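input_7.csv, holding CSV, C-alpha atoms:
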```csv
chain,number,residue,atom,x,y,z
J,1,MET,CA,-40.7,-41.8,1.6
J,2,ARG,CA,-41.1,-38.5,3.4
J,3,ILE,CA,-37.6,-38.8,4.8
J,4,GLY,CA,-36.2,-39.4,1.4
J,5,GLN,CA,-38.0,-36.4,0.0
J,6,SER,CA,-36.8,-34.2,2.8
J,7,LEU,CA,-33.3,-35.3,2.2
J,8,LYS,CA,-33.7,-34.4,-1.5
J,9,PHE,CA,-35.1,-31.0,-0.5
J,10,LEU,CA,-32.2,-30.5,2.0
J,11,ALA,CA,-29.7,-31.5,-0.7
J,12,PHE,CA,-31.3,-29.0,-3.1
J,13,GLY,CA,-31.1,-26.3,-0.5
J,14,LEU,CA,-27.5,-27.0,0.2
J,15,VAL,CA,-26.6,-26.8,-3.4
J,16,CYS,CA,-28.4,-23.5,-3.7
J,17,SER,CA,-26.7,-22.1,-0.7
J,18,MET,CA,-23.3,-23.4,-1.8
J,19,ALA,CA,-23.8,-21.7,-5.2
J,20,ALA,CA,-24.7,-18.5,-3.4
J,21,THR,CA,-21.7,-18.8,-1.1
J,22,THR,CA,-19.4,-19.4,-4.0
J,23,SER,CA,-20.5,-16.2,-5.7
J,24,TYR,CA,-19.6,-14.2,-2.6
J,25,ALA,CA,-16.4,-15.9,-1.8
J,26,THR,CA,-14.0,-13.0,-2.5
J,27,THR,CA,-11.1,-13.1,0.0
J,28,TYR,CA,-8.4,-10.6,0.8
J,29,SER,CA,-4.8,-11.2,1.9
J,30,VAL,CA,-2.3,-8.6,3.0
J,31,TYR,CA,1.5,-9.1,2.9
J,32,ASP,CA,4.1,-6.7,4.2
J,33,SER,CA,7.9,-7.0,4.1
J,34,GLY,CA,8.0,-5.3,7.5
J,35,ASN,CA,10.5,-3.2,9.3
J,36,PHE,CA,14.2,-3.5,8.3
J,37,SER,CA,13.3,-5.8,5.4
J,38,GLU,CA,15.8,-4.5,3.0
J,39,LEU,CA,17.7,-7.3,1.2
J,40,LEU,CA,20.6,-4.9,0.2
J,41,THR,CA,22.8,-2.5,2.1
J,42,THR,CA,24.0,-0.8,-1.1
J,43,CYS,CA,23.0,-0.6,-4.7
J,44,PRO,CA,26.3,-1.2,-6.6
J,45,GLY,CA,26.8,1.1,-9.6
J,46,ASP,CA,27.0,-1.7,-12.1
J,47,GLU,CA,23.6,-1.4,-13.6
J,48,ILE,CA,22.7,-5.0,-12.6
J,49,SER,CA,19.2,-5.6,-11.3
J,50,ARG,CA,19.0,-6.9,-7.7
J,51,VAL,CA,16.1,-7.5,-5.4
J,52,LEU,CA,15.6,-4.9,-2.7
J,53,TYR,CA,12.3,-6.1,-1.1
J,54,SER,CA,10.4,-9.4,-1.6
J,55,VAL,CA,7.2,-10.9,-0.2
J,56,ASN,CA,5.9,-14.4,-0.8
J,57,VAL,CA,2.2,-14.1,-1.5
J,58,GLY,CA,1.6,-17.9,-1.8
J,59,PRO,CA,-0.1,-19.7,-4.7
J,60,LEU,CA,-1.9,-17.5,-7.1
J,61,SER,CA,-4.8,-18.4,-9.3
J,62,VAL,CA,-6.1,-17.0,-12.6
J,63,ASN,CA,-8.1,-13.8,-12.0
J,64,ASP,CA,-6.4,-13.0,-8.7
J,65,ILE,CA,-5.6,-9.4,-8.4
J,66,LEU,CA,-2.4,-7.9,-6.9
J,67,VAL,CA,-2.3,-4.3,-5.5
J,68,VAL,CA,1.3,-3.5,-4.8
J,69,ASP,CA,2.9,-0.6,-3.0
J,70,ALA,CA,6.7,-0.2,-2.6
J,71,GLU,CA,8.9,2.6,-1.5
J,72,SER,CA,12.6,2.9,-0.5
J,73,GLU,CA,15.2,5.5,0.2
J,74,LEU,CA,18.7,5.4,-1.3
J,75,SER,CA,21.3,8.0,-0.6
J,76,ASN,CA,23.9,9.5,-3.0
J,77,PRO,CA,27.1,10.2,-1.1
J,78,THR,CA,29.0,11.2,-4.3
J,79,SER,CA,29.3,14.5,-6.0
J,80,ASN,CA,27.8,13.0,-9.2
J,81,ASN,CA,24.3,12.4,-10.4
J,82,VAL,CA,23.4,8.7,-10.1
J,83,ASP,CA,20.7,7.0,-12.1
J,84,ILE,CA,18.5,4.6,-10.1
J,85,GLY,CA,16.1,2.3,-11.8
J,86,THR,CA,13.3,0.4,-10.1
J,87,GLY,CA,10.6,-2.1,-11.1
J,88,LEU,CA,8.2,-4.7,-9.8
J,89,VAL,CA,8.2,-8.3,-10.9
J,90,LEU,CA,6.3,-11.5,-10.0
J,91,ALA,CA,9.1,-14.0,-9.7
J,92,ALA,CA,9.9,-17.6,-8.7
J,93,SER,CA,12.1,-16.8,-5.7
J,94,SER,CA,13.1,-13.9,-3.4
J,95,SER,CA,16.3,-13.4,-5.4
J,96,ALA,CA,14.9,-13.6,-8.9
J,97,THR,CA,14.9,-10.3,-10.9
J,98,THR,CA,12.9,-11.6,-13.8
J,99,GLY,CA,9.5,-13.1,-14.2
J,100,ARG,CA,6.3,-11.4,-15.0
J,101,VAL,CA,6.6,-7.6,-15.1
J,102,ILE,CA,3.9,-6.2,-12.9
J,103,GLY,CA,5.2,-2.6,-12.7
J,104,SER,CA,7.2,-0.9,-15.3
J,105,HIS,CA,10.9,-0.5,-14.8
J,106,ASN,CA,11.9,3.2,-14.9
J,107,GLY,CA,14.4,5.5,-13.3
J,108,PHE,CA,15.6,8.9,-12.4
J,109,ASN,CA,18.8,10.7,-11.4
J,110,VAL,CA,19.5,11.2,-7.7
J,111,THR,CA,21.4,14.4,-7.7
J,112,ASN,CA,24.0,15.2,-5.1
J,113,LEU,CA,21.9,18.2,-4.1
J,114,GLN,CA,18.8,16.0,-3.6
J,115,PHE,CA,21.0,13.5,-1.8
J,116,HIS,CA,18.2,11.0,-1.1
J,117,GLY,CA,16.2,9.3,-3.9
J,118,VAL,CA,12.8,7.9,-2.9
J,119,PRO,CA,11.5,5.7,-5.7
J,120,VAL,CA,7.8,4.9,-5.2
J,121,LYS,CA,6.3,2.0,-7.1
J,122,HIS,CA,2.7,1.0,-7.5
J,123,ALA,CA,1.0,-1.8,-9.5
J,124,VAL,CA,-2.4,-3.2,-10.0
J,125,TYR,CA,-2.0,-6.6,-11.8
J,126,LYS,CA,-4.5,-9.3,-12.7
J,127,ILE,CA,-3.3,-12.9,-13.0
J,128,ALA,CA,-4.3,-13.7,-16.6
J,129,SER,CA,-2.9,-17.2,-17.0
J,130,PRO,CA,-1.8,-20.0,-14.6
J,131,THR,CA,1.5,-19.4,-12.9
J,132,SER,CA,3.7,-20.9,-10.2
J,133,LEU,CA,5.3,-17.6,-9.5
J,134,GLN,CA,4.4,-16.3,-6.0
J,135,PHE,CA,7.1,-13.8,-5.0
J,136,VAL,CA,6.6,-10.1,-5.5
J,137,ASN,CA,10.0,-8.4,-5.8
J,138,GLN,CA,11.0,-4.8,-6.0
J,139,ILE,CA,14.2,-4.6,-8.0
J,140,VAL,CA,16.7,-1.8,-8.3
J,141,ASP,CA,19.8,-1.0,-10.3
J,142,CYS,CA,22.2,1.9,-10.2
J,143,ALA,CA,24.5,3.3,-12.8
J,144,ALA,CA,28.2,4.2,-12.4
J,145,TYR,CA,28.2,4.9,-8.7
J,146,ASP,CA,27.0,3.1,-5.6
J,147,LEU,CA,24.0,4.3,-3.7
J,148,ILE,CA,23.4,3.5,0.0
J,149,VAL,CA,20.2,1.7,0.9
J,150,GLU,CA,18.8,3.3,4.0
J,151,PRO,CA,17.6,0.5,6.3
J,152,ASP,CA,14.0,0.7,7.5
J,153,TYR,CA,13.2,3.7,5.3
J,154,GLY,CA,11.0,1.7,2.9
J,155,ARG,CA,9.0,-1.5,2.5
J,156,LEU,CA,6.9,-3.6,0.1
J,157,GLN,CA,3.2,-4.2,0.7
J,158,VAL,CA,0.8,-6.3,-1.3
J,159,LEU,CA,-2.9,-6.8,-1.2
J,160,VAL,CA,-4.1,-10.0,-3.0
J,161,ILE,CA,-7.7,-10.1,-3.9
J,162,HIS,CA,-9.0,-13.6,-4.6
J,163,PRO,CA,-12.3,-12.9,-6.4
N,1,MET,CA,-46.2,-28.2,-1.9
N,2,ARG,CA,-42.9,-29.7,-2.9
N,3,GLY,CA,-41.8,-26.4,-4.4
N,4,TRP,CA,-42.7,-24.6,-1.2
N,5,ARG,CA,-40.7,-27.1,0.9
N,6,ALA,CA,-37.7,-26.8,-1.4
N,7,THR,CA,-37.9,-23.0,-1.2
N,8,VAL,CA,-38.0,-23.0,2.6
N,9,THR,CA,-35.2,-25.5,2.7
N,10,ALA,CA,-33.1,-23.5,0.3
N,11,LEU,CA,-33.7,-20.3,2.3
N,12,LEU,CA,-32.8,-22.1,5.4
N,13,GLY,CA,-29.6,-23.3,3.8
N,14,LEU,CA,-28.8,-19.8,2.7
N,15,ALA,CA,-29.4,-18.5,6.2
N,16,VAL,CA,-26.9,-21.1,7.5
N,17,PHE,CA,-24.3,-21.1,4.8
N,18,ALA,CA,-24.5,-17.7,3.2
N,19,PRO,CA,-21.3,-15.8,4.2
N,20,ALA,CA,-21.5,-13.3,7.0
N,21,HIS,CA,-18.2,-11.9,5.6
N,22,ALA,CA,-19.5,-10.2,2.5
N,23,ALA,CA,-17.1,-7.4,2.1
N,24,THR,CA,-18.1,-3.8,2.3
N,25,PHE,CA,-16.1,-0.8,1.1
N,26,SER,CA,-15.7,2.7,2.5
N,27,ASN,CA,-13.9,5.6,0.8
N,28,PHE,CA,-12.5,8.6,2.5
N,29,ASP,CA,-10.9,11.7,1.0
N,30,SER,CA,-9.5,14.8,2.7
N,31,GLY,CA,-10.9,16.7,-0.3
N,32,ASN,CA,-10.1,20.0,-1.9
N,33,PHE,CA,-8.1,22.3,0.2
N,34,GLY,CA,-7.7,19.6,2.9
N,35,GLU,CA,-4.3,21.0,4.1
N,36,LEU,CA,-4.0,21.5,7.8
N,37,LEU,CA,-0.9,23.6,7.5
N,38,THR,CA,0.1,26.6,5.4
N,39,SER,CA,3.8,26.0,6.0
N,40,SER,CA,6.2,23.5,7.4
N,41,PRO,CA,8.5,25.3,9.9
N,42,GLY,CA,12.1,24.3,9.7
N,43,ASP,CA,12.4,22.7,13.1
N,44,ASP,CA,12.5,19.1,11.8
N,45,ALA,CA,9.4,18.3,14.0
N,46,TYR,CA,6.6,16.2,12.6
N,47,ARG,CA,3.2,17.8,12.1
N,48,VAL,CA,0.0,16.5,10.5
N,49,LEU,CA,-0.6,17.9,7.0
N,50,TYR,CA,-3.6,15.8,6.1
N,51,SER,CA,-6.0,13.7,8.2
N,52,VAL,CA,-9.1,11.6,7.6
N,53,ASP,CA,-11.3,10.0,10.2
N,54,LEU,CA,-12.3,6.5,9.2
N,55,GLY,CA,-14.7,6.0,12.1
N,56,SER,CA,-14.4,2.7,13.9
N,57,LEU,CA,-12.1,0.0,12.7
N,58,ALA,CA,-12.2,-3.7,13.4
N,59,LYS,CA,-9.6,-6.5,13.4
N,60,GLY,CA,-9.2,-7.7,9.8
N,61,ASP,CA,-10.1,-4.4,8.1
N,62,ILE,CA,-7.8,-3.5,5.3
N,63,LEU,CA,-6.7,0.1,4.5
N,64,VAL,CA,-5.4,1.1,1.1
N,65,VAL,CA,-4.0,4.6,1.5
N,66,ALA,CA,-2.7,7.2,-1.1
N,67,CYS,CA,-1.4,10.6,-0.3
N,68,ASP,CA,0.6,13.4,-2.0
N,69,ALA,CA,1.5,17.0,-1.3
N,70,GLU,CA,3.5,19.8,-2.8
N,71,LEU,CA,5.8,21.9,-0.7
N,72,THR,CA,7.9,24.8,-2.0
N,73,ASN,CA,11.3,26.0,-1.0
N,74,HIS,CA,11.6,29.7,-1.4
N,75,GLY,CA,14.9,29.8,0.5
N,76,SER,CA,18.5,29.6,-0.7
N,77,ALA,CA,19.5,26.4,1.0
N,78,ASN,CA,18.6,22.7,0.5
N,79,VAL,CA,15.8,21.6,2.8
N,80,GLY,CA,15.2,18.0,4.0
N,81,LEU,CA,11.6,16.9,3.7
N,82,ALA,CA,10.5,13.8,5.6
N,83,SER,CA,7.0,12.2,5.5
N,84,GLN,CA,5.1,9.3,6.9
N,85,LEU,CA,1.6,7.8,7.1
N,86,ARG,CA,0.4,6.8,10.5
N,87,LEU,CA,-2.8,5.5,12.1
N,88,GLY,CA,-3.6,7.6,15.2
N,89,THR,CA,-6.2,8.4,17.8
N,90,SER,CA,-6.9,12.0,16.7
N,91,VAL,CA,-6.4,14.5,14.0
N,92,SER,CA,-3.3,15.8,15.7
N,93,ASP,CA,-1.8,12.5,16.8
N,94,LEU,CA,1.9,12.2,15.8
N,95,GLY,CA,2.2,8.6,17.2
N,96,GLY,CA,0.2,5.5,16.6
N,97,VAL,CA,0.9,2.8,14.2
N,98,GLU,CA,3.1,3.3,11.2
N,99,LEU,CA,1.4,2.5,7.9
N,100,ASP,CA,4.5,3.0,5.9
N,101,GLU,CA,8.1,4.0,6.6
N,102,ALA,CA,9.2,7.5,7.1
N,103,ASN,CA,11.6,8.6,4.4
N,104,GLN,CA,12.9,11.8,3.0
N,105,PHE,CA,14.7,13.7,0.3
N,106,LEU,CA,16.2,17.2,-0.1
N,107,VAL,CA,14.4,20.0,-1.9
N,108,PRO,CA,17.1,22.1,-3.4
N,109,PRO,CA,16.2,25.7,-4.3
N,110,ILE,CA,16.7,24.9,-8.0
N,111,MET,CA,14.1,22.1,-7.7
N,112,LEU,CA,11.7,24.6,-5.9
N,113,HIS,CA,8.9,22.1,-5.4
N,114,GLY,CA,9.0,18.8,-3.5
N,115,VAL,CA,6.3,16.3,-4.0
N,116,PRO,CA,6.3,13.5,-1.5
N,117,TYR,CA,4.0,10.6,-2.6
N,118,LYS,CA,3.1,8.1,0.1
N,119,HIS,CA,1.0,5.1,0.0
N,120,ALA,CA,0.3,2.1,2.2
N,121,ILE,CA,-1.6,-1.2,2.4
N,122,TYR,CA,-2.3,-2.2,6.0
N,123,GLU,CA,-4.4,-4.9,7.7
N,124,VAL,CA,-5.7,-4.0,11.2
N,125,LYS,CA,-4.3,-6.6,13.4
N,126,THR,CA,-6.1,-6.0,16.7
N,127,ASN,CA,-9.2,-4.1,17.7
N,128,THR,CA,-8.1,-0.5,18.0
N,129,ALA,CA,-9.3,2.9,19.0
N,130,SER,CA,-7.1,4.4,16.4
N,131,HIS,CA,-9.1,5.5,13.4
N,132,PHE,CA,-7.4,8.6,12.1
N,133,VAL,CA,-5.1,8.2,9.1
N,134,ASN,CA,-2.6,11.1,9.3
N,135,PHE,CA,0.0,12.2,6.9
N,136,LEU,CA,2.9,13.7,8.8
N,137,ILE,CA,5.7,15.9,7.4
N,138,ALA,CA,8.8,17.4,8.9
N,139,SER,CA,11.4,19.7,7.3
N,140,THR,CA,14.8,21.0,8.1
N,141,GLY,CA,14.0,24.5,6.7
N,142,THR,CA,10.8,26.4,6.1
N,143,LEU,CA,8.7,25.1,3.2
N,144,ALA,CA,5.4,26.6,2.0
N,145,VAL,CA,2.5,24.2,1.7
N,146,GLU,CA,0.8,24.7,-1.6
N,147,GLN,CA,-2.9,24.7,-1.0
N,148,ASP,CA,-5.1,22.3,-2.9
N,149,TYR,CA,-2.0,20.7,-4.5
N,150,GLY,CA,-2.4,17.4,-2.6
N,151,ARG,CA,-4.8,15.2,-0.7
N,152,LEU,CA,-5.1,12.0,1.4
N,153,GLN,CA,-7.4,9.2,0.2
N,154,VAL,CA,-8.2,6.0,2.0
N,155,LEU,CA,-10.2,2.9,0.9
N,156,VAL,CA,-11.3,0.7,3.8
N,157,ILE,CA,-12.2,-2.9,3.0
N,158,HIS,CA,-14.3,-4.6,5.7
N,159,PRO,CA,-13.8,-8.3,4.6
```

Could you show the structure in this file as structure tokens?
Amino acid sequence: MRIGQSLKFLAFGLVCSMAATTSYATTYSVYDSGNFSELLTTCPGDEISRVLYSVNVGPLSVNDILVVDAESELSNPTSNNVDIGTGLVLAASSSATTGRVIGSHNGFNVTNLQFHGVPVKHAVYKIASPTSLQFVNQIVDCAAYDLIVEPDYGRLQVLVIHP
Amino acid sequence: MRGWRATVTALLGLAVFAPAHAATFSNFDSGNFGELLTSSPGDDAYRVLYSVDLGSLAKGDILVVACDAELTNHGSANVGLASQLRLGTSVSDLGGVELDEANQFLVPPIMLHGVPYKHAIYEVKTNTASHFVNFLIASTGTLAVEQDYGRLQVLVIHP
């Protein structure tokens, strides 16, 4: 009888402790595209979006939070101003340019005087509904003239918070 | 009596199963007028513009870093401005671990002000004596560092 009661008390204790553990179970995962992780050598001047950096953050759950940083350097060897657009998407593959927009797509002109354009992208995004998407991609597009992607002058970094 | 036993058992369970990994957070800021330079000489050599001491770091700690600055070209020629975030052993360390990539752009006289904006997310991979986050700049011509027009901020997550 006493053994049975003790087992019940132990089970009760375990349930309590598991509940407490669950409430503190936030985990953090960091992903980095790393050195020389550029997926392009040039950004063709055709205004078509392409993936410059990509990281696979694995399966995501509702309420997960993504903190994303990306930067790159693209050079303008022409004598013209060249518009470069960049954005951040959560996508189905490392080559997908569409999916969930997690950072607005916007752009600026890289003047020939400035020579190098350094788009800096940042996003804080909460997974609001179930998804199978698990690639964070930085996409770029260039207008009218090609820009050169400088290798190892940028990268993509992601912190995933699993609350 | 039963309630007392249950309470003791529950507390025992908590002691055994409660996570030892409850995250803690620390915030660091170079603050107002945190610039360590008044100008960036045009020798293309890196110098530390902002620095914060994080104290000790352990394997698994996560750094979330943001930094910006404003530098002015009062000359008549284009000036290349490069910058990078690194984790070093002192406030003047130019080496250490790169937290992001060095990159640059030109500041033409007509543009006047260049504003490098740098950020990084980094997980400490091994126990390290490096605990200074340094923001490095280099320029191909003299640039004035605008005082109190930038800063370095770091969030450290101890998972």

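For the set J:Ala143, J:Val67, J:Leu39, J:Val30, the residue with the smallest atom-to-atom gap to Ser95 (chain J) is J:Leu39, counting only C-alpha atoms.
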
Point to revise | Option closest in space to Phe115 (chain J), from J:Leu88, J:Ile148, J:Ile127, J:Leu133 [counting only C-alpha atoms] | key: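 Checking each candidate against Phe115 (chain J), we get J:Ile148 as the closest.
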
Exercise for review: Please measure the separation of CA of Ser76 (chain N) and CA of Gln114 (chain J), giving the value in Å to one decimal.
Suggested key: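 Answer for the CA of Ser76 (chain N) to CA of Gln114 (chain J) separation: 13.9 Å.
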
Review point. CA of Val136 (chain J) and CA of Ser104 (chain J), how far apart in Å?
Key: 13.5 Å

Review point. What lies within 8 Å of region 38-49 of chain N using all atoms listed in the file, ignoring chain neighbours under 6 positions off, as a ChimeraX atom specification?
Key: /N:91-94,134-147

Point to revise | One-decimal distance in Å that lies between CA of Ser30 (chain N) and CA of Gly150 (chain N) | key: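 These two atoms are separated by 9.2 Å.
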
Check your understanding: Which neighbours of Arg151 (chain N) fall inside 7 Å, counting only C-alpha atoms, when residues of the same chain fewer than 3 positions from it are skipped, and could you give them as a ChimeraX atom specification?
Key -> /N:30-31,34,50,67-69

For the residues in that selection, give me C-alpha atoms as a PDB file, keeping the file's coordinate frame.
```
ATOM      1  CA  SER N  30      -9.500  14.800   2.700  1.00  0.00           C
ATOM      2  CA  GLY N  31     -10.900  16.700  -0.300  1.00  0.00           C
ATOM      3  CA  GLY N  34      -7.700  19.600   2.900  1.00  0.00           C
ATOM      4  CA  TYR N  50      -3.600  15.800   6.100  1.00  0.00           C
ATOM      5  CA  CYS N  67      -1.400  10.600  -0.300  1.00  0.00           C
ATOM      6  CA  ASP N  68       0.600  13.400  -2.000  1.00  0.00           C
ATOM      7  CA  ALA N  69       1.500  17.000  -1.300  1.00  0.00           C
TER       8      ALA N  69
END
```

Find the residues of region 31-101 of chain N that sit at most 12 Å from region 73-76 of chain J; for each, write down the nearest two atoms and how far apart they are in Å, to one decimal. Count only C-alpha atoms. Sort by chain, then by number going up, and give it as JSON lines.
```
{"residue": "N:Ala82", "atom": "CA", "partner": "J:Glu73", "partner_atom": "CA", "distance": 11.0}
{"residue": "N:Ser83", "atom": "CA", "partner": "J:Glu73", "partner_atom": "CA", "distance": 11.8}
{"residue": "N:Glu101", "atom": "CA", "partner": "J:Glu73", "partner_atom": "CA", "distance": 9.7}
```

Point to revise | Option closest in space to chain N, from J:Thr78, J:Thr98, J:Thr42, J:Asn112 [counting all atoms listed in the file] | key: J:Asn112

Practice item. Go through N:Thr126, N:Ser90, N:Asn32, N:Asn78 and flag the residue nearest chain J, using only C-alpha atoms for the distances. Key: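 Among the listed residues, N:Asn78 lies closest to chain J.
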
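Counting all atoms listed in the file and comparing J:Lys121, J:His105, J:Gln134, J:Tyr145, the residue that lies closest to chain N is J:Lys121.
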
Exercise for review: Using all atoms listed in the file, collect all residues at a distance of at most 10 Å from (16.1, 4.8, -8.2) as written in the file, then present them as a ChimeraX atom specification.
Suggested key: /J:43,72-75,82-87,105-110,116-120,139-143,147

Review point. Leaving out Val158 (chain J) and any residue of its chain fewer than 5 positions from it, which residues lie within 7 Å of it when counting only C-alpha atoms, given as a list in words?
Key: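 Once the adjacent positions are removed, what remains is Val30, Tyr31, Asp32, Leu66, Val67, Val68 and Asp69 of chain J; Ile121 of chain N.
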
Review point. Which polymer residues have any atom within 12 Å of an atom of Asn35 (chain J), counting all atoms listed in the file, with same-chain residues fewer than 2 positions away left out, as a ChimeraX atom specification?
Key: /J:32-33,37-39,53,72,150-157 /N:98-102

Study note, to complete from the structure: Shortest contact to Val133 (chain N), candidates N:Leu81, N:Val154, N:Val115, N:Leu106, atoms counted all atoms listed in the file, goes to N:Val154

Practice item. Just give me the residues with any atom within 10 Å of (-11.2, -4.4, 16.3), file coordinates, counting all atoms listed in the file, written as a ChimeraX atom specification. Key: /N:56-61,124-130
